[in-house]
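Here is the file entry-v2.txt (compact mmCIF, C-alpha atoms).
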# COMPACT_ATOMS: atom_id res chain seq x y z
CA MET A 1 24.26 95.71 74.37
CA SER A 2 22.48 96.79 77.53
CA ASP A 3 22.10 93.10 78.29
CA ILE A 4 25.83 92.57 78.55
CA PHE A 5 26.98 95.81 80.28
CA PRO A 6 24.63 97.12 83.00
CA LYS A 7 23.91 100.79 83.05
CA TRP A 8 26.32 101.72 85.88
CA THR A 9 29.29 100.75 83.72
CA ASN A 10 28.76 104.00 81.81
CA LYS A 11 30.23 105.84 84.81
CA LEU A 12 33.12 103.40 85.23
CA PRO A 13 35.75 105.38 83.27
CA ALA A 14 35.02 108.50 85.30
CA TYR A 15 35.19 106.54 88.57
CA LEU A 16 38.45 104.90 87.59
CA LEU A 17 39.91 108.25 86.63
CA ALA A 18 38.83 109.86 89.90
CA ALA A 19 40.11 106.92 91.96
CA GLY A 20 43.41 106.93 90.08
CA ALA A 21 43.84 110.66 90.62
CA MET A 22 43.14 110.30 94.34
CA MET A 23 45.53 107.37 94.73
CA GLY A 24 48.20 109.22 92.74
CA THR A 25 47.85 112.35 94.85
CA ALA A 26 48.00 110.31 98.03
CA VAL A 27 51.15 108.46 96.92
CA VAL A 28 52.89 111.69 95.87
CA ALA A 29 51.89 113.38 99.12
CA GLY A 30 53.05 110.37 101.11
CA VAL A 31 56.43 110.24 99.40
CA TRP A 32 56.87 114.00 99.80
CA TYR A 33 55.99 113.85 103.48
CA TYR A 34 57.70 110.64 104.53
CA PHE A 35 60.61 109.94 102.17
CA THR A 36 62.82 112.66 103.60
CA PRO A 37 65.22 112.95 106.53
CA LYS A 38 62.79 115.49 107.96
CA TYR A 39 60.70 112.43 108.76
CA THR A 40 63.19 109.56 108.87
CA ARG A 41 65.87 111.25 110.99
CA VAL A 42 64.36 114.16 112.92
CA GLY A 43 63.09 113.04 116.29
CA TYR A 44 65.46 110.09 116.61
CA GLN A 45 66.24 109.82 120.30
CA PRO A 46 67.87 106.51 121.19
CA ILE A 47 68.28 105.36 124.76
CA GLN A 48 71.93 105.96 125.62
CA PRO A 49 73.91 103.61 127.88
CA VAL A 50 74.55 106.50 130.28
CA SER A 51 71.81 109.07 130.77
CA PHE A 52 74.08 112.08 130.22
CA SER A 53 72.25 115.41 130.28
CA HIS A 54 73.64 118.26 128.20
CA HIS A 55 71.09 120.52 129.88
CA ILE A 56 72.54 120.02 133.35
CA HIS A 57 76.15 120.34 132.23
CA VAL A 58 75.75 123.36 129.96
CA GLU A 59 72.92 125.41 131.43
CA GLN A 60 73.10 124.54 135.12
CA LEU A 61 76.89 124.30 135.44
CA GLY A 62 77.77 126.74 132.66
CA MET A 63 80.32 124.46 131.04
CA ASP A 64 81.64 125.21 127.57
CA CYS A 65 81.07 122.68 124.77
CA ARG A 66 84.83 122.43 124.36
CA TYR A 67 85.46 121.19 127.89
CA CYS A 68 84.43 117.77 126.57
CA HIS A 69 84.43 118.13 122.78
CA THR A 70 88.06 119.24 122.79
CA GLY A 71 88.78 118.48 119.15
CA VAL A 72 85.94 120.38 117.54
CA GLU A 73 88.05 123.44 116.64
CA LYS A 74 90.99 121.40 115.39
CA SER A 75 89.59 118.32 113.73
CA SER A 76 87.03 117.31 111.16
CA HIS A 77 85.59 115.06 113.86
CA SER A 78 84.02 116.44 117.01
CA ASN A 79 85.15 113.92 119.56
CA ILE A 80 83.21 112.27 122.31
CA PRO A 81 85.47 112.70 125.34
CA ALA A 82 87.35 109.86 126.91
CA SER A 83 85.58 108.58 130.01
CA THR A 84 88.64 109.58 132.05
CA LEU A 85 87.65 113.18 131.32
CA CYS A 86 84.26 112.59 132.98
CA MET A 87 86.16 111.42 136.03
CA ASN A 88 87.80 114.87 136.37
CA CYS A 89 84.68 115.79 138.32
CA HIS A 90 82.90 112.50 138.82
CA ASN A 91 85.71 111.06 140.90
CA GLN A 92 84.09 113.28 143.54
CA VAL A 93 80.65 114.33 142.25
CA LEU A 94 78.09 111.47 142.24
CA LYS A 95 80.96 109.22 143.16
CA GLU A 96 78.89 106.15 143.96
CA ASP A 97 75.93 106.86 141.69
CA PRO A 98 74.77 103.71 139.86
CA ARG A 99 73.93 105.76 136.74
CA LEU A 100 77.65 106.40 136.31
CA ALA A 101 78.75 102.80 136.84
CA LEU A 102 79.57 102.36 133.14
CA VAL A 103 81.68 105.53 133.11
CA ARG A 104 83.69 104.43 136.13
CA GLU A 105 84.20 100.98 134.64
CA SER A 106 85.24 102.48 131.31
CA ALA A 107 87.69 104.91 132.92
CA ALA A 108 89.21 102.11 134.97
CA THR A 109 89.49 99.46 132.26
CA GLY A 110 89.54 101.36 128.97
CA LYS A 111 86.48 99.55 127.72
CA PRO A 112 84.53 102.04 125.55
CA ILE A 113 81.06 103.17 126.54
CA PRO A 114 78.70 101.99 123.75
CA TRP A 115 77.20 105.42 123.00
CA VAL A 116 74.59 105.35 120.26
CA TRP A 117 75.58 107.55 117.35
CA ILE A 118 72.71 109.88 116.47
CA HIS A 119 73.90 112.46 113.92
CA LYS A 120 75.13 110.14 111.22
CA THR A 121 75.90 111.55 107.81
CA PRO A 122 76.47 109.10 104.97
CA ASP A 123 80.06 107.89 104.61
CA PHE A 124 80.41 109.71 101.27
CA VAL A 125 79.83 113.06 102.98
CA PHE A 126 82.97 114.69 104.34
CA PHE A 127 81.74 117.17 106.91
CA ASN A 128 84.47 119.10 108.71
CA HIS A 129 83.54 120.40 112.16
CA ALA A 130 86.62 122.62 112.58
CA VAL A 131 86.11 124.60 109.39
CA HIS A 132 82.49 125.32 110.29
CA VAL A 133 82.88 126.34 113.94
CA ASN A 134 85.96 128.44 113.15
CA ARG A 135 83.94 130.38 110.58
CA GLY A 136 80.91 131.32 112.57
CA ILE A 137 78.66 128.29 112.18
CA SER A 138 77.39 127.33 115.60
CA CYS A 139 76.68 123.88 117.03
CA VAL A 140 73.04 124.92 117.16
CA HIS A 141 72.73 125.20 113.38
CA CYS A 142 73.08 121.46 112.84
CA HIS A 143 72.38 119.98 116.27
CA GLY A 144 69.55 122.21 117.46
CA GLN A 145 69.42 123.51 121.01
CA ILE A 146 71.43 120.63 122.37
CA ASN A 147 72.20 122.72 125.45
CA LEU A 148 68.56 122.37 126.51
CA MET A 149 68.27 118.63 125.84
CA ASP A 150 68.26 116.22 128.74
CA GLU A 151 68.35 113.44 126.21
CA VAL A 152 69.88 114.18 122.83
CA GLN A 153 67.46 114.15 119.95
CA HIS A 154 68.09 114.49 116.22
CA ALA A 155 66.74 118.01 115.73
CA LYS A 156 67.65 118.98 112.16
CA PRO A 157 67.25 116.86 109.02
CA LEU A 158 70.93 117.06 107.93
CA SER A 159 69.77 116.34 104.41
CA MET A 160 71.63 117.64 101.38
CA ALA A 161 69.01 120.35 100.91
CA PHE A 162 69.62 121.38 104.52
CA CYS A 163 73.37 121.78 103.85
CA LEU A 164 72.77 123.67 100.61
CA ASP A 165 70.34 126.11 102.23
CA CYS A 166 73.28 127.46 104.17
CA HIS A 167 75.98 126.93 101.52
CA ARG A 168 73.97 129.04 99.10
CA ASN A 169 73.15 131.70 101.64
CA PRO A 170 75.80 131.73 104.41
CA GLU A 171 75.24 135.36 105.45
CA ALA A 172 71.89 134.38 106.95
CA PHE A 173 73.60 131.96 109.35
CA ILE A 174 77.20 133.02 110.06
CA ARG A 175 77.52 134.56 113.50
CA PRO A 176 80.30 136.41 115.33
CA PRO A 177 83.10 133.95 116.19
CA ASP A 178 82.77 134.52 119.94
CA GLN A 179 79.11 133.44 119.87
CA VAL A 180 79.61 130.11 118.10
CA PHE A 181 79.56 128.12 121.34
CA ASN A 182 76.86 130.25 122.92
CA LEU A 183 73.87 128.19 121.87
CA ASN A 184 71.35 130.66 123.25
CA TRP A 185 72.64 133.55 121.13
CA GLN A 186 70.13 135.23 118.82
CA PRO A 187 70.85 137.99 116.31
CA GLU A 188 69.30 141.31 117.31
CA SER A 189 67.23 141.33 114.14
CA GLN A 190 67.12 139.64 110.79
CA THR A 191 68.43 142.72 109.00
CA LYS A 192 71.37 142.97 111.42
CA GLN A 193 72.09 139.27 110.89
CA LEU A 194 72.16 139.75 107.12
CA ALA A 195 74.37 142.85 107.36
CA ASP A 196 76.83 141.33 109.86
CA GLY A 197 76.73 137.99 108.07
CA ALA A 198 77.55 139.63 104.74
CA ARG A 199 80.46 141.47 106.36
CA LEU A 200 81.85 138.26 107.92
CA VAL A 201 81.44 136.39 104.62
CA ARG A 202 83.44 139.13 102.91
CA GLU A 203 86.13 139.45 105.60
CA TRP A 204 86.72 135.73 105.92
CA ARG A 205 86.28 135.16 102.20
CA VAL A 206 83.74 132.45 102.84
CA GLU A 207 83.07 130.64 99.60
CA LYS A 208 79.58 129.59 98.69
CA LEU A 209 80.66 126.06 97.92
CA GLU A 210 78.11 124.26 95.82
CA ASN A 211 80.34 122.03 93.74
CA CYS A 212 80.00 118.28 94.39
CA SER A 213 83.56 117.79 95.58
CA ALA A 214 83.14 120.34 98.36
CA CYS A 215 81.44 117.61 100.36
CA HIS A 216 81.70 114.40 98.28
CA ARG A 217 85.17 113.05 97.65
CA MET B 218 32.56 104.50 94.65
CA ARG B 219 31.30 104.79 98.21
CA TYR B 220 33.26 101.67 99.16
CA PHE B 221 36.34 102.96 97.44
CA LEU B 222 36.13 106.29 99.28
CA ALA B 223 35.76 104.51 102.60
CA ALA B 224 38.70 102.24 101.86
CA PHE B 225 40.79 105.19 100.70
CA VAL B 226 40.16 107.22 103.84
CA LEU B 227 40.86 104.15 105.97
CA LEU B 228 44.11 103.52 104.14
CA CYS B 229 45.27 107.12 104.58
CA LEU B 230 44.36 107.03 108.28
CA ALA B 231 46.19 103.71 108.68
CA VAL B 232 49.37 105.09 107.06
CA VAL B 233 49.31 108.26 109.16
CA SER B 234 48.58 106.40 112.38
CA ILE B 235 51.37 103.87 111.79
CA ALA B 236 53.96 106.26 110.35
CA GLY B 237 53.12 109.26 112.48
CA PHE B 238 54.28 112.79 111.81
CA ARG B 239 57.56 114.48 111.00
CA GLY B 240 59.74 115.08 114.02
CA SER B 241 57.91 112.72 116.34
CA LEU B 242 60.11 110.98 118.88
CA SER B 243 61.51 107.64 117.81
CA ARG B 244 63.70 105.23 119.76
CA ARG B 245 64.47 103.12 116.70
CA PRO B 246 67.34 104.03 114.37
CA PRO B 247 66.38 105.69 111.08
CA LEU B 248 65.53 103.23 108.32
CA GLU B 249 68.14 102.97 105.56
CA LEU B 250 66.80 101.04 102.60
CA PHE B 251 69.96 101.04 100.49
CA SER B 252 72.81 101.55 102.91
CA ASP B 253 75.66 100.13 100.83
CA MET B 254 77.27 103.47 100.01
CA ASP B 255 76.01 105.29 103.08
CA ARG B 256 77.82 102.86 105.35
CA GLN B 257 81.18 101.90 103.91
CA PRO B 258 83.55 99.48 105.62
CA LYS B 259 86.11 102.21 106.17
CA LEU B 260 87.67 103.74 109.25
CA ARG B 261 85.63 106.43 110.92
CA PRO B 262 86.96 108.12 114.04
CA GLN B 263 85.73 106.72 117.35
CA SER B 264 83.70 103.99 115.67
CA ALA B 265 84.03 100.26 116.02
CA ASN B 266 85.87 98.57 113.18
CA GLU B 267 86.04 94.81 112.85
CA PHE B 268 89.38 94.88 111.04
CA PHE B 269 91.24 95.30 114.32
CA ALA B 270 91.11 92.74 117.11
CA ASP B 271 90.21 95.38 119.72
CA ARG B 272 87.76 97.03 117.27
CA PHE B 273 89.22 100.52 117.89
CA SER B 274 89.27 102.55 114.68
CA SER B 275 91.32 105.30 116.37
CA ARG B 276 94.65 103.52 116.71
CA PRO B 277 97.15 104.17 119.49
CA HIS B 278 100.69 105.02 118.41
CA PRO B 279 102.76 101.90 117.68
CA ALA B 280 105.74 101.39 119.99
CA ASN B 281 108.97 103.24 119.14
CA THR B 282 107.32 105.72 116.79
CA VAL B 283 106.68 109.43 117.06
CA PRO B 284 103.59 111.14 115.66
CA ARG B 285 103.98 113.52 112.74
CA ALA B 286 103.34 116.93 114.16
CA GLU B 287 103.75 120.62 113.66
CA PRO B 288 106.61 121.94 115.79
CA LEU B 289 105.82 124.39 118.57
CA LEU B 290 107.69 127.66 118.10
CA VAL B 291 109.53 128.78 121.24
CA GLY B 292 110.58 132.22 120.14
CA ALA B 293 112.03 131.27 116.77
CA GLN B 294 113.15 127.77 117.72
CA PRO B 295 110.94 124.90 116.53
CA VAL B 296 110.36 122.22 119.19
CA TYR B 297 108.76 118.87 118.34
CA PRO B 298 106.46 117.11 120.84
CA PHE B 299 108.91 114.24 121.41
CA GLU B 300 111.87 116.47 122.31
CA ASP B 301 113.19 116.77 125.85
CA HIS B 302 112.57 120.50 126.13
CA PRO B 303 111.10 122.56 129.00
CA VAL B 304 108.14 123.55 126.83
CA ASN B 305 107.12 119.87 126.59
CA THR B 306 107.96 118.72 130.11
CA GLY B 307 108.07 121.76 132.39
CA MET B 308 111.49 120.47 133.50
CA VAL B 309 115.01 121.61 132.77
CA ALA B 310 116.30 119.65 129.76
CA GLY B 311 118.11 116.47 130.81
CA THR B 312 116.09 115.95 134.00
CA PRO B 313 115.98 112.20 134.80
CA PRO B 314 112.49 110.64 135.12
CA GLY B 315 110.99 111.07 138.55
CA ALA B 316 113.04 114.14 139.44
CA THR B 317 111.36 117.51 139.98
CA ASN B 318 113.77 119.95 138.42
CA PHE B 319 111.08 122.40 137.29
CA VAL B 320 111.84 125.38 135.12
CA GLU B 321 111.27 128.64 136.94
CA LEU B 322 109.80 130.65 134.08
CA ASN B 323 107.39 130.18 131.21
CA PRO B 324 109.53 129.28 128.16
CA LEU B 325 107.09 131.02 125.80
CA PRO B 326 107.52 134.75 125.25
CA LEU B 327 104.80 136.64 127.07
CA THR B 328 102.51 138.47 124.66
CA ALA B 329 99.02 139.91 124.86
CA GLU B 330 97.93 137.20 122.43
CA LEU B 331 99.27 134.44 124.74
CA LEU B 332 97.46 135.97 127.73
CA ALA B 333 94.19 136.21 125.80
CA ARG B 334 94.56 132.59 124.73
CA GLY B 335 95.26 131.68 128.34
CA GLN B 336 92.12 133.40 129.53
CA HIS B 337 90.12 131.62 126.84
CA ILE B 338 91.45 128.15 127.75
CA PHE B 339 91.17 128.92 131.48
CA SER B 340 87.50 129.78 131.07
CA ILE B 341 86.82 126.47 129.32
CA HIS B 342 88.85 123.98 131.32
CA CYS B 343 89.75 125.54 134.69
CA LEU B 344 86.83 127.81 135.53
CA PRO B 345 84.27 125.06 136.39
CA CYS B 346 86.30 124.16 139.50
CA HIS B 347 88.79 126.95 140.19
CA GLY B 348 86.29 129.73 139.44
CA ALA B 349 86.63 132.78 137.22
CA ALA B 350 88.85 134.51 139.80
CA GLY B 351 90.93 131.40 140.42
CA ASP B 352 89.92 131.31 144.07
CA GLY B 353 88.78 127.68 144.00
CA LYS B 354 85.10 128.61 144.27
CA GLY B 355 83.84 127.27 140.95
CA VAL B 356 80.39 125.86 140.37
CA THR B 357 81.47 122.30 141.19
CA THR B 358 81.91 123.24 144.87
CA LYS B 359 78.10 123.20 145.05
CA TYR B 360 77.97 119.61 143.85
CA GLY B 361 80.31 117.86 146.21
CA MET B 362 83.82 118.83 145.14
CA THR B 363 85.38 120.01 148.34
CA VAL B 364 89.15 120.22 147.99
CA ILE B 365 89.78 122.62 145.12
CA GLY B 366 93.06 124.47 145.03
CA ASN B 367 92.87 128.22 145.57
CA LEU B 368 95.28 129.56 142.95
CA HIS B 369 96.03 132.56 145.19
CA ASP B 370 97.30 130.29 147.94
CA PRO B 371 100.91 131.39 148.68
CA ARG B 372 101.93 127.75 148.18
CA ILE B 373 100.78 127.92 144.55
CA VAL B 374 101.96 131.51 143.99
CA ARG B 375 105.45 130.39 144.97
CA GLN B 376 105.45 127.33 142.70
CA PRO B 377 107.69 127.59 139.64
CA ASP B 378 105.89 127.81 136.28
CA GLY B 379 107.22 124.36 135.41
CA GLU B 380 105.53 122.81 138.44
CA ILE B 381 102.15 124.28 137.47
CA PHE B 382 102.74 122.89 133.97
CA HIS B 383 103.40 119.51 135.56
CA VAL B 384 100.18 119.73 137.60
CA ILE B 385 98.08 120.64 134.55
CA THR B 386 99.68 117.82 132.57
CA HIS B 387 99.61 115.04 135.14
CA GLY B 388 97.24 116.28 137.83
CA ARG B 389 97.80 116.43 141.56
CA ASN B 390 95.86 115.11 144.55
CA LEU B 391 92.23 114.88 143.37
CA MET B 392 92.77 116.91 140.20
CA GLN B 393 93.40 114.74 137.18
CA GLY B 394 95.76 115.55 134.33
CA TYR B 395 94.57 117.67 131.40
CA ALA B 396 97.23 116.53 128.96
CA ALA B 397 94.64 115.12 126.55
CA ALA B 398 92.42 118.21 126.66
CA ILE B 399 94.93 121.10 126.65
CA GLU B 400 97.89 121.27 124.25
CA PRO B 401 101.31 122.22 125.65
CA ARG B 402 101.21 125.72 124.17
CA ASP B 403 97.77 126.32 125.68
CA ARG B 404 99.00 125.01 129.05
CA TRP B 405 101.73 127.67 129.06
CA ALA B 406 99.15 130.26 128.02
CA VAL B 407 96.98 129.24 130.99
CA ILE B 408 99.99 129.53 133.29
CA ALA B 409 100.68 133.04 132.00
CA TYR B 410 97.04 133.95 132.67
CA VAL B 411 97.09 132.38 136.15
CA ARG B 412 100.16 134.48 136.94
CA ALA B 413 98.23 137.57 135.82
CA LEU B 414 95.31 136.57 138.08
CA GLN B 415 97.69 136.11 141.01
CA LEU B 416 99.33 139.45 140.33
CA SER B 417 95.96 141.19 140.30
CA HIS B 418 95.08 139.53 143.61
CA LEU B 419 98.32 140.59 145.28
CA ALA B 420 98.15 144.16 144.02
CA SER B 421 97.42 147.02 146.41
CA ALA B 422 94.90 149.79 145.80
CA ASP B 423 97.73 152.26 145.14
CA GLU B 424 98.73 150.34 142.03
CA VAL B 425 95.37 151.00 140.37
CA PRO B 426 95.66 153.81 137.77
CA ALA B 427 94.90 157.17 139.35
CA ASP B 428 91.89 157.89 137.16
CA GLN B 429 90.19 154.66 138.27
CA GLN B 430 90.91 154.81 141.98
CA ALA B 431 87.76 156.80 142.69
CA ALA B 432 85.63 154.04 141.16
CA LEU B 433 87.48 151.48 143.26
CA ARG B 434 86.80 153.27 146.53
CA LYS B 435 83.07 153.53 145.97

Encoded form using structure tokens:
Amino acid sequence: MSDIFPKWTNKLPAYLLAAGAMMGTAVVAGVWYYFTPKYTRVGYQPIQPVSFSHHIHVEQLGMDCRYCHTGVEKSSHSNIPASTLCMNCHNQVLKEDPRLALVRESAATGKPIPWVWIHKTPDFVFFNHAVHVNRGISCVHCHGQINLMDEVQHAKPLSMAFCLDCHRNPEAFIRPPDQVFNLNWQPESQTKQLADGARLVREWRVEKLENCSACHR
Amino acid sequence: MRYFLAAFVLLCLAVVSIAGFRGSLSRRPPLELFSDMDRQPKLRPQSANEFFADRFSSRPHPANTVPRAEPLLVGAQPVYPFEDHPVNTGMVAGTPPGATNFVELNPLPLTAELLARGQHIFSIHCLPCHGAAGDGKGVTTKYGMTVIGNLHDPRIVRQPDGEIFHVITHGRNLMQGYAAAIEPRDRWAVIAYVRALQLSHLASADEVPADQQAALRK
């Protein structure tokens, strides 16, 4: 038989097994690492038609989120403001600036500014902004420190696991209602967060909604 | 086996160098392999929709219709947004268009809750220009806004509440209207708060409670 199969073929099964195991591990690791919104969505930072800086408006000027996103406490949708609202100040501030040409044109003609939508949940997810911000979930929980971003970037995965982390354990996240729009707020300590969070969950009767129809309708 | 190992390491390196790491900056939209249920051809607010000629998914009200709405309670009386009532217009009911027959007083009953709401709305929408004290020295004065009304100006102190409502709603001079941003009830709340600010500004030191006068004189 040694004439037909050379000696090295004795090791072939072991080699094949080792190679298969390595390939299998690599594929599993690759899928685990890459096939998740933590990879596919986080870090998405499209070039917007107008280089609006949240950092300047919130930190430097001290504006509240709700000056522009007026509907966030009342509606499921947190609105992008009409360009006429920008002109409240920019009819005088940076009046001739070419970076704001699109805003001026939009305010004058009603033609929408083609903002690129970054935080896109699937259409079968019914996320309600109002119910979250009115019950102590801050902008920062889902959007990251958007107040420090000169260019908005997708900061959190917004995957189903991400939602459930909080839905299963709201007391770790719920904050006092007057700190919801203060994106720099930090709890004094983790134990205080858990104690205050548990109290707010009890007082507001926050339900730990995990049933499918809470989000999928 | 040596060749396999080399190829394997090369392959891993190639994948990592092409795909990068989690959270790395990307200008391209996230890849959606099966997007048929993720992206349904339904209306989403503020998104383009091909069904309509102008592609606006958020539709304007059709002509000769009124929106369904919760009435605003003035005392116990419900007032709907389309009614000709001072709380909606700032004018005496029956005022013809273009006239300036402003109501003198805030139609909403003055409560601590209304004042607190007014302060809250003031700090969001008015404070950037008019300043926390209402003196017209908000942060925007540093960035080229020059003519900002000082709310303690006798001209404004003497204005009827209805006129201030009209200014918030439709704007005046360089200030634009805030009708889209502030609901009528909140506008009246802001007016109540502005009146409180004006009152505090016009007060004399003798009106400060006796136990706090010492702190004031320091």

Spatial neighbours of B:Arg256, 12 Å, all atoms listed in the file, chain gap at least 6 places, as a tab-separated table (two decimals) with C-alpha atoms, in the coordinates of the input:
chain	number	residue	atom	x	y	z
A	120	LYS	CA	75.13	110.14	111.22
A	121	THR	CA	75.90	111.55	107.81
A	122	PRO	CA	76.47	109.10	104.97
A	123	ASP	CA	80.06	107.89	104.61
A	124	PHE	CA	80.41	109.71	101.27
A	125	VAL	CA	79.83	113.06	102.98
B	249	GLU	CA	68.14	102.97	105.56
B	250	LEU	CA	66.80	101.04	102.60
B	264	SER	CA	83.70	103.99	115.67

field: Contact residues (chain A, partner chain B, 7 Å, all atoms listed in the file) as a list in words
entry: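 Matching residues, ligands excluded from the count: Tyr15, Lys38, Tyr39, Thr40, Arg41, Val42, Gly43, Tyr44, Gln45, Pro46, Ile47, Leu61, Met63, Asp64, Arg66, Tyr67, Thr70, Asn88, Gln92, Val93, Pro122, Asp123 and Phe124 of chain A.
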
- request: Enumerate, as an NGL selection string, the protein, DNA and RNA residues whose atoms approach (87.8, 114.7, 115.4) to within 10 Å, taking into account only C-alpha atoms and the coordinate frame of the file.
  value: (:A and (69-80 or 128-130)) or (:B and (261-263))

May I have the residues within 12 Å of B:Ala329 as a compact mmCIF listing (two decimals) with C-alpha atoms, in the coordinates of the input, using all atoms listed in the file and disregarding those fewer than 2 positions away in the same chain?
# COMPACT_ATOMS: atom_id res chain seq x y z
CA PRO B 326 107.52 134.75 125.25
CA LEU B 327 104.80 136.64 127.07
CA LEU B 331 99.27 134.44 124.74
CA LEU B 332 97.46 135.97 127.73
CA ALA B 333 94.19 136.21 125.80
CA ARG B 334 94.56 132.59 124.73
CA GLY B 335 95.26 131.68 128.34
CA GLN B 336 92.12 133.40 129.53
CA ALA B 406 99.15 130.26 128.02
CA ALA B 409 100.68 133.04 132.00
CA TYR B 410 97.04 133.95 132.67
CA ALA B 413 98.23 137.57 135.82

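Near B:Asn390, within 10 Å and counting only C-alpha atoms, sit Val364, Ile365, Gly366 and Val384 of chain B; same-chain residues fewer than 5 positions away were not included.
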
- prompt: Interatomic distance between atom CA of B:Val296 and atom CA of B:Arg402?
  reply: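 Computing it gives 11.0 Å between the two atoms.
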
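The space between atom CA of A:Glu59 and atom CA of A:Lys156 spans 21.0 Å.
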
query: Please, what distance in Å, to one decimal, runs between atom CA of A:Gln190 and atom CA of A:Glu171?
result: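 Computing the Euclidean distance for atom CA of A:Gln190 and atom CA of A:Glu171 yields 10.6 Å.
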
field: Residues near A:Asn169, cut-off 8 Å, only C-alpha atoms, skip fewer than 4 positions along chain, as number ranges by chain
entry: A: 165, 173, 208

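Using all atoms listed in the file, the smallest distance between any of A:Leu164, A:Leu194, A:Val206, A:Val152 and A:His54 comes from A:Val152.
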
- prompt: So which one's closest to A:Gly197, A:Arg175, A:Arg217, A:Leu17, A:Leu85? Using only C-alpha atoms, please.
  reply: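 Ranked by minimum distance to A:Gly197, first place goes to A:Arg175.
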